[in-house]
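Engineer: Before I ask anything, let me first share the structure, which is written out below as structure tokens.
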Amino acid sequence: VVKKFKKIKDSELMETVEEVFDYRTLMALYKLINKGIIERVHGVVAAGKEARVYWGEDREGRDLAIKIFLVQTREFRRGMLKYIEGDPRFSLIKRDRRYMVNTWCSKEFKNLSVAYKVGVKVPKPIAFKENVLVMEFIDCGEKGKPAPLIKDVPPSDPIRAFYRILENIKIAFRRGRIVHADLSEYNIMNRNEEFYIIDWGSAVSLDHPEALNFLRRDLRNLINYFRGLGLRDLSYEEVEEYVIG
Ligand SMILES: Nc1ncnc2c1ncn2[C@@H]1O[C@H](COP(=O)(O)OP(=O)(O)O)[C@@H](O)[C@H]1O
Ligand SMILES: [Mg+2]
């Protein structure tokens, strides 16, 4: 194990992933590399509080998006670590956090797979290991550069875009029996006027008691955003009726 770790430390992978990740995360990445799923990891394309997304490549040079969920947020590291490090309860906190983050990652992978299978426009899921999720990279037409979110680059034809996205929500709901539950202009990418719904970690199946409420909230977010783009007479009731039937 020590040898393996040294190998990771010496690899160019380390230059990219810096000191942000713990040992298990590095091992998970290492395993995905050994399995031939990831060939190389380039720079970070997005760094949020809960996850970082990297641009990578597979053996054939196809671009990958590698989403790594953070086991310890940086604030947590910097601020609280010194108070709990010597505390025997710390290992428990750490284990719980690791469990949560891994569960979240596998949930996102599962939801993404369901959505992809039924034909929702999402990045193609490729693999996951622990807190590392690998999927198709959605670029803006330039290699390694992510397509913008619609919050930054709004659709040029809002009516068409609205119905495209709505159709996807409907497909997810009817055929995939899932609800995204965190839908907004922050989680929809605009690749050359094709719209990809990302960030499926919060999605729930229709068995979830709150599923319909989540769906209504998703639709409300979408409607509010598109009203802002000029679609003033979107009726909430009609939209809900169209999706739920
Ligand atoms: N498949 C992908 N291809 C390219 N970029 C992506 C992909 N998935 C996510 N990103 C980039 O990473 C950002 C964060 O991803 P997201 O899944 O929304 O995570 P978060 O939980 O941090 O919101 C996105 O806004 C986008 O810029
Ligand atoms: Mg997001």
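Chain lettering (A, B, ...) mirrors the order of the structure tokens, residue numbering begins at 1 for each chain separately, and ligand numbering begins at 1 in order of display.
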Could I get the residue neighbourhood of ligand 2 at 10 Å, counting only C-alpha atoms and all ligand atoms, as a list in words?
Structural biologist: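 Answer in the requested format: Ala46, Gly48, Glu50, Ala51, Leu149, Asp182, Leu183, Ser184, Glu185, Tyr186, Asn187, Ile188, Ile197, Ile198, Asp199, Trp200 and Gly201 of chain A.
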Engineer: Could the residues in this selection be written to a file with all heavy atoms, as a short mmCIF file (atom, residue, chain, number, x, y, z; two decimals), in the first residue's frame?
Structural biologist:
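And here's result_8.cif as it stands now:
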```cif
data_model
loop_
_atom_site.label_atom_id
_atom_site.label_comp_id
_atom_site.auth_asym_id
_atom_site.auth_seq_id
_atom_site.Cartn_x
_atom_site.Cartn_y
_atom_site.Cartn_z
N ALA A 46 -14.24 23.14 -12.22
CA ALA A 46 -15.19 23.76 -11.29
C ALA A 46 -14.88 23.31 -9.88
O ALA A 46 -14.64 22.13 -9.64
CB ALA A 46 -16.62 23.38 -11.66
N GLY A 48 -16.56 23.59 -6.30
CA GLY A 48 -17.64 24.00 -5.40
C GLY A 48 -17.30 23.61 -3.98
O GLY A 48 -16.19 23.19 -3.68
N GLU A 50 -18.91 21.27 -2.21
CA GLU A 50 -19.09 19.85 -1.96
C GLU A 50 -18.33 18.96 -2.93
O GLU A 50 -18.12 17.79 -2.66
CB GLU A 50 -20.59 19.49 -2.04
CG GLU A 50 -21.48 20.27 -1.10
CD GLU A 50 -21.23 19.88 0.36
OE1 GLU A 50 -20.85 18.73 0.61
OE2 GLU A 50 -21.40 20.75 1.23
N ALA A 51 -17.97 19.51 -4.07
CA ALA A 51 -17.31 18.68 -5.07
C ALA A 51 -16.42 19.52 -5.98
O ALA A 51 -16.60 20.74 -6.09
CB ALA A 51 -18.37 17.97 -5.92
N LEU A 149 -23.27 27.29 -18.28
CA LEU A 149 -24.60 27.06 -17.69
C LEU A 149 -25.56 28.07 -18.31
O LEU A 149 -25.15 29.16 -18.71
CB LEU A 149 -24.53 27.25 -16.17
CG LEU A 149 -23.54 26.34 -15.43
CD1 LEU A 149 -23.43 26.77 -13.96
CD2 LEU A 149 -23.97 24.88 -15.54
N ASP A 182 -33.16 19.27 -7.77
CA ASP A 182 -32.28 20.44 -7.55
C ASP A 182 -32.16 21.19 -8.88
O ASP A 182 -31.10 21.72 -9.22
CB ASP A 182 -30.91 19.99 -7.04
CG ASP A 182 -30.02 21.15 -6.61
OD1 ASP A 182 -30.58 22.22 -6.25
OD2 ASP A 182 -28.79 21.01 -6.63
N LEU A 183 -33.26 21.24 -9.59
CA LEU A 183 -33.21 21.82 -10.94
C LEU A 183 -33.28 23.34 -10.89
O LEU A 183 -34.10 23.92 -10.19
CB LEU A 183 -34.39 21.29 -11.78
CG LEU A 183 -34.24 21.56 -13.27
CD1 LEU A 183 -33.15 20.68 -13.86
CD2 LEU A 183 -35.55 21.32 -13.99
N SER A 184 -32.38 23.96 -11.61
CA SER A 184 -32.38 25.41 -11.76
C SER A 184 -31.44 25.75 -12.90
O SER A 184 -30.79 24.86 -13.46
CB SER A 184 -31.91 26.10 -10.48
OG SER A 184 -30.50 25.96 -10.36
N GLU A 185 -31.32 27.04 -13.21
CA GLU A 185 -30.41 27.48 -14.27
C GLU A 185 -28.95 27.20 -13.93
O GLU A 185 -28.08 27.34 -14.78
CB GLU A 185 -30.65 28.97 -14.57
CG GLU A 185 -30.42 29.92 -13.42
CD GLU A 185 -31.65 30.12 -12.53
OE1 GLU A 185 -32.49 29.20 -12.44
OE2 GLU A 185 -31.75 31.21 -11.91
N TYR A 186 -28.69 26.81 -12.68
CA TYR A 186 -27.33 26.47 -12.26
C TYR A 186 -26.96 25.03 -12.63
O TYR A 186 -25.79 24.65 -12.52
CB TYR A 186 -27.17 26.63 -10.74
CG TYR A 186 -27.11 28.07 -10.31
CD1 TYR A 186 -28.27 28.83 -10.17
CD2 TYR A 186 -25.89 28.68 -10.05
CE1 TYR A 186 -28.22 30.16 -9.78
CE2 TYR A 186 -25.82 30.00 -9.65
CZ TYR A 186 -26.99 30.74 -9.52
OH TYR A 186 -26.92 32.06 -9.14
N ASN A 187 -27.94 24.22 -12.97
CA ASN A 187 -27.67 22.81 -13.26
C ASN A 187 -28.10 22.41 -14.67
O ASN A 187 -28.36 21.24 -14.93
CB ASN A 187 -28.31 21.91 -12.21
CG ASN A 187 -27.50 21.89 -10.91
OD1 ASN A 187 -26.27 22.02 -10.93
ND2 ASN A 187 -28.18 21.73 -9.79
N ILE A 188 -28.15 23.37 -15.55
CA ILE A 188 -28.44 23.08 -16.96
C ILE A 188 -27.35 23.72 -17.82
O ILE A 188 -27.09 24.93 -17.71
CB ILE A 188 -29.83 23.62 -17.37
CG1 ILE A 188 -30.93 23.03 -16.46
CG2 ILE A 188 -30.11 23.29 -18.85
CD1 ILE A 188 -32.33 23.59 -16.70
N ILE A 197 -28.95 18.44 -18.59
CA ILE A 197 -29.25 18.58 -17.17
C ILE A 197 -28.18 17.80 -16.38
O ILE A 197 -27.97 16.61 -16.63
CB ILE A 197 -30.68 18.06 -16.85
CG1 ILE A 197 -31.70 18.80 -17.73
CG2 ILE A 197 -30.98 18.26 -15.36
CD1 ILE A 197 -33.13 18.32 -17.56
N ILE A 198 -27.50 18.50 -15.46
CA ILE A 198 -26.42 17.87 -14.70
C ILE A 198 -26.74 17.86 -13.20
O ILE A 198 -27.78 18.36 -12.78
CB ILE A 198 -25.07 18.61 -14.92
CG1 ILE A 198 -25.17 20.08 -14.48
CG2 ILE A 198 -24.65 18.52 -16.38
CD1 ILE A 198 -23.82 20.78 -14.35
N ASP A 199 -25.84 17.28 -12.43
CA ASP A 199 -25.90 17.35 -10.96
C ASP A 199 -27.10 16.58 -10.39
O ASP A 199 -27.98 17.18 -9.76
CB ASP A 199 -25.93 18.83 -10.54
CG ASP A 199 -25.36 19.06 -9.16
OD1 ASP A 199 -24.97 18.08 -8.50
OD2 ASP A 199 -25.30 20.23 -8.73
N TRP A 200 -27.13 15.27 -10.61
CA TRP A 200 -28.27 14.44 -10.25
C TRP A 200 -28.18 13.82 -8.86
O TRP A 200 -28.92 12.89 -8.53
CB TRP A 200 -28.47 13.35 -11.30
CG TRP A 200 -29.00 13.89 -12.60
CD1 TRP A 200 -28.28 14.53 -13.57
CD2 TRP A 200 -30.36 13.86 -13.05
NE1 TRP A 200 -29.11 14.91 -14.60
CE2 TRP A 200 -30.39 14.50 -14.31
CE3 TRP A 200 -31.55 13.35 -12.52
CZ2 TRP A 200 -31.58 14.66 -15.03
CZ3 TRP A 200 -32.72 13.49 -13.25
CH2 TRP A 200 -32.73 14.13 -14.49
N GLY A 201 -27.30 14.32 -8.02
CA GLY A 201 -27.13 13.74 -6.69
C GLY A 201 -28.37 13.82 -5.81
O GLY A 201 -28.61 12.95 -4.98
#
```
Engineer: Write out as a PyMOL selection string which residues come within 10 Å of Asn102 in chain A when counting only C-alpha atoms, dropping same-chain ones fewer than 2 positions away.
Structural biologist: chain A and resi 69-71+96-100+104-108+128-133
Engineer: Write the selection just made, keeping N, CA, C and O atoms, as a short mmCIF file (atom, residue, chain, number, x, y, z; two decimals), in the first residue's frame?
Structural biologist:
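Output (out-v2.cif):
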```
data_model
loop_
_atom_site.label_atom_id
_atom_site.label_comp_id
_atom_site.auth_asym_id
_atom_site.auth_seq_id
_atom_site.Cartn_x
_atom_site.Cartn_y
_atom_site.Cartn_z
N PHE A 69 -16.19 14.19 -5.00
CA PHE A 69 -16.90 14.75 -3.86
C PHE A 69 -15.94 14.89 -2.69
O PHE A 69 -15.16 13.97 -2.40
N LEU A 70 -15.96 16.04 -2.05
CA LEU A 70 -14.99 16.31 -0.99
C LEU A 70 -15.43 15.66 0.32
O LEU A 70 -16.56 15.81 0.76
N VAL A 71 -14.51 14.92 0.89
CA VAL A 71 -14.79 14.26 2.16
C VAL A 71 -14.71 15.28 3.28
O VAL A 71 -15.52 15.30 4.19
N ASP A 96 -18.22 8.75 9.22
CA ASP A 96 -19.59 9.10 8.84
C ASP A 96 -19.61 9.96 7.59
O ASP A 96 -20.40 9.77 6.69
N ARG A 97 -18.73 10.91 7.57
CA ARG A 97 -18.64 11.84 6.44
C ARG A 97 -18.25 11.07 5.17
O ARG A 97 -18.82 11.28 4.11
N ARG A 98 -17.29 10.17 5.30
CA ARG A 98 -16.86 9.35 4.16
C ARG A 98 -18.03 8.52 3.64
O ARG A 98 -18.26 8.43 2.44
N TYR A 99 -18.78 7.93 4.56
CA TYR A 99 -19.92 7.10 4.20
C TYR A 99 -20.96 7.94 3.44
O TYR A 99 -21.48 7.54 2.40
N MET A 100 -21.24 9.13 3.97
CA MET A 100 -22.23 10.02 3.36
C MET A 100 -21.82 10.42 1.94
O MET A 100 -22.64 10.41 1.03
N TRP A 104 -23.60 9.51 -1.56
CA TRP A 104 -24.03 10.59 -2.44
C TRP A 104 -23.52 10.35 -3.87
O TRP A 104 -24.24 10.48 -4.84
N CYS A 105 -22.26 9.97 -3.95
CA CYS A 105 -21.62 9.72 -5.25
C CYS A 105 -22.30 8.57 -5.98
O CYS A 105 -22.63 8.68 -7.17
N SER A 106 -22.56 7.48 -5.28
CA SER A 106 -23.19 6.32 -5.94
C SER A 106 -24.63 6.65 -6.32
O SER A 106 -25.14 6.19 -7.35
N LYS A 107 -25.26 7.50 -5.51
CA LYS A 107 -26.63 7.91 -5.81
C LYS A 107 -26.65 8.77 -7.09
O LYS A 107 -27.51 8.59 -7.95
N GLU A 108 -25.71 9.68 -7.19
CA GLU A 108 -25.65 10.49 -8.40
C GLU A 108 -25.40 9.61 -9.62
O GLU A 108 -26.01 9.80 -10.67
N PHE A 128 -17.93 4.83 -11.36
CA PHE A 128 -17.65 5.53 -10.12
C PHE A 128 -16.92 4.60 -9.17
O PHE A 128 -17.00 3.36 -9.30
N LYS A 129 -16.17 5.19 -8.27
CA LYS A 129 -15.46 4.43 -7.24
C LYS A 129 -15.41 5.33 -6.02
O LYS A 129 -14.92 6.46 -6.12
N GLU A 130 -15.93 4.82 -4.89
CA GLU A 130 -15.98 5.64 -3.67
C GLU A 130 -16.59 7.02 -3.95
O GLU A 130 -17.74 7.10 -4.35
N ASN A 131 -15.81 8.08 -3.83
CA ASN A 131 -16.35 9.44 -4.00
C ASN A 131 -15.94 10.07 -5.34
O ASN A 131 -15.96 11.28 -5.47
N VAL A 132 -15.58 9.22 -6.30
CA VAL A 132 -15.14 9.71 -7.61
C VAL A 132 -16.10 9.24 -8.70
O VAL A 132 -16.32 8.04 -8.85
N LEU A 133 -16.69 10.18 -9.41
CA LEU A 133 -17.65 9.85 -10.46
C LEU A 133 -17.08 10.27 -11.82
O LEU A 133 -16.61 11.39 -11.97
#
```
Engineer: Which residue, A:Arg89, A:Lys124, A:Arg24, A:Lys94, has the smallest gap to ligand 1 when you use only C-alpha atoms and all ligand atoms?
Structural biologist: A:Lys124
Engineer: Would you mind reading off the distance between CA of Gly61 in chain A and CA of Ala115 in chain A, one decimal, in Å?
Structural biologist: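 Between CA of Gly61 in chain A and CA of Ala115 in chain A the gap works out to 25.2 Å.
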Engineer: Neighbours of Ala172 in chain A within 12 Å (only C-alpha atoms; same-chain residues fewer than 5 positions away dropped), as a PyMOL selection string?
Structural biologist: chain A and resi 111-122+165-167+177-181+197+200+203-206+215+243-244
Engineer: Output N, CA and C atoms for every residue in the selection just made, as an mmCIF file, in the first residue's frame.
Structural biologist:
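Listed below is the output, again_25.cif:
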```
data_model
loop_
_atom_site.group_PDB
_atom_site.id
_atom_site.type_symbol
_atom_site.label_atom_id
_atom_site.label_comp_id
_atom_site.auth_asym_id
_atom_site.auth_seq_id
_atom_site.Cartn_x
_atom_site.Cartn_y
_atom_site.Cartn_z
ATOM 1 N N ASN A 111 -28.684 7.696 -10.441
ATOM 2 C CA ASN A 111 -29.686 8.590 -11.039
ATOM 3 C C ASN A 111 -29.312 8.973 -12.470
ATOM 4 N N LEU A 112 -28.051 9.272 -12.641
ATOM 5 C CA LEU A 112 -27.549 9.640 -13.961
ATOM 6 C C LEU A 112 -27.761 8.479 -14.938
ATOM 7 N N SER A 113 -27.533 7.266 -14.460
ATOM 8 C CA SER A 113 -27.688 6.086 -15.307
ATOM 9 C C SER A 113 -29.138 5.888 -15.718
ATOM 10 N N VAL A 114 -30.050 6.071 -14.776
ATOM 11 C CA VAL A 114 -31.475 5.939 -15.085
ATOM 12 C C VAL A 114 -31.864 6.990 -16.122
ATOM 13 N N ALA A 115 -31.476 8.232 -15.854
ATOM 14 C CA ALA A 115 -31.833 9.332 -16.757
ATOM 15 C C ALA A 115 -31.270 9.077 -18.154
ATOM 16 N N TYR A 116 -30.026 8.662 -18.207
ATOM 17 C CA TYR A 116 -29.372 8.415 -19.500
ATOM 18 C C TYR A 116 -30.082 7.300 -20.254
ATOM 19 N N LYS A 117 -30.411 6.232 -19.531
ATOM 20 C CA LYS A 117 -31.015 5.059 -20.156
ATOM 21 C C LYS A 117 -32.365 5.378 -20.796
ATOM 22 N N VAL A 118 -33.157 6.202 -20.130
ATOM 23 C CA VAL A 118 -34.489 6.496 -20.681
ATOM 24 C C VAL A 118 -34.451 7.633 -21.708
ATOM 25 N N GLY A 119 -33.280 8.205 -21.928
ATOM 26 C CA GLY A 119 -33.152 9.173 -23.014
ATOM 27 C C GLY A 119 -33.163 10.640 -22.617
ATOM 28 N N VAL A 120 -32.956 10.908 -21.332
ATOM 29 C CA VAL A 120 -32.827 12.309 -20.902
ATOM 30 C C VAL A 120 -31.452 12.809 -21.335
ATOM 31 N N LYS A 121 -31.380 14.071 -21.761
ATOM 32 C CA LYS A 121 -30.093 14.617 -22.180
ATOM 33 C C LYS A 121 -29.244 14.937 -20.952
ATOM 34 N N VAL A 122 -28.322 14.009 -20.660
ATOM 35 C CA VAL A 122 -27.412 14.139 -19.513
ATOM 36 C C VAL A 122 -26.036 13.648 -19.979
ATOM 37 N N ILE A 165 -36.307 21.322 -22.454
ATOM 38 C CA ILE A 165 -35.954 20.961 -21.074
ATOM 39 C C ILE A 165 -37.141 20.299 -20.373
ATOM 40 N N LEU A 166 -38.319 20.885 -20.612
ATOM 41 C CA LEU A 166 -39.529 20.325 -20.001
ATOM 42 C C LEU A 166 -39.757 18.880 -20.455
ATOM 43 N N GLU A 167 -39.523 18.639 -21.743
ATOM 44 C CA GLU A 167 -39.661 17.295 -22.299
ATOM 45 C C GLU A 167 -38.738 16.323 -21.560
ATOM 46 N N ARG A 177 -39.033 7.443 -13.875
ATOM 47 C CA ARG A 177 -39.658 7.507 -12.553
ATOM 48 C C ARG A 177 -38.750 8.174 -11.522
ATOM 49 N N ILE A 178 -38.050 9.228 -11.975
ATOM 50 C CA ILE A 178 -37.250 10.016 -11.031
ATOM 51 C C ILE A 178 -37.489 11.518 -11.227
ATOM 52 N N VAL A 179 -37.209 12.244 -10.141
ATOM 53 C CA VAL A 179 -37.332 13.709 -10.126
ATOM 54 C C VAL A 179 -35.967 14.275 -9.760
ATOM 55 N N HIS A 180 -35.497 15.267 -10.489
ATOM 56 C CA HIS A 180 -34.155 15.824 -10.267
ATOM 57 C C HIS A 180 -33.996 16.413 -8.867
ATOM 58 N N ALA A 181 -34.946 17.249 -8.472
ATOM 59 C CA ALA A 181 -35.015 17.819 -7.117
ATOM 60 C C ALA A 181 -34.001 18.923 -6.807
ATOM 61 N N ILE A 197 -28.947 18.439 -18.590
ATOM 62 C CA ILE A 197 -29.248 18.579 -17.169
ATOM 63 C C ILE A 197 -28.184 17.802 -16.382
ATOM 64 N N TRP A 200 -27.125 15.268 -10.612
ATOM 65 C CA TRP A 200 -28.268 14.438 -10.247
ATOM 66 C C TRP A 200 -28.181 13.819 -8.857
ATOM 67 N N ALA A 203 -31.472 13.724 -6.821
ATOM 68 C CA ALA A 203 -32.679 13.157 -7.434
ATOM 69 C C ALA A 203 -33.269 12.030 -6.585
ATOM 70 N N VAL A 204 -34.597 11.924 -6.646
ATOM 71 C CA VAL A 204 -35.296 10.875 -5.888
ATOM 72 C C VAL A 204 -36.228 10.100 -6.817
ATOM 73 N N SER A 205 -36.507 8.871 -6.435
ATOM 74 C CA SER A 205 -37.462 8.088 -7.211
ATOM 75 C C SER A 205 -38.872 8.485 -6.780
ATOM 76 N N LEU A 206 -39.850 8.091 -7.586
ATOM 77 C CA LEU A 206 -41.228 8.503 -7.298
ATOM 78 C C LEU A 206 -41.765 7.875 -6.013
ATOM 79 N N LEU A 215 -40.725 17.835 -7.576
ATOM 80 C CA LEU A 215 -40.999 18.086 -8.995
ATOM 81 C C LEU A 215 -41.629 19.467 -9.176
ATOM 82 N N VAL A 243 -46.578 17.701 -17.466
ATOM 83 C CA VAL A 243 -45.578 16.737 -16.998
ATOM 84 C C VAL A 243 -46.237 15.576 -16.242
ATOM 85 N N ILE A 244 -47.091 15.908 -15.309
ATOM 86 C CA ILE A 244 -47.680 14.868 -14.452
ATOM 87 C C ILE A 244 -48.862 14.184 -15.116
#
```
Engineer: What parts of range 21-220 of chain A does DSSP call strand (DSSP E)? I'd like the answer as a VMD selection string.
Structural biologist: chain A and resid 40 to 47 51 to 57 63 to 69 125 to 129 132 to 136 178 to 179 188 to 191 194 to 197 204 to 205
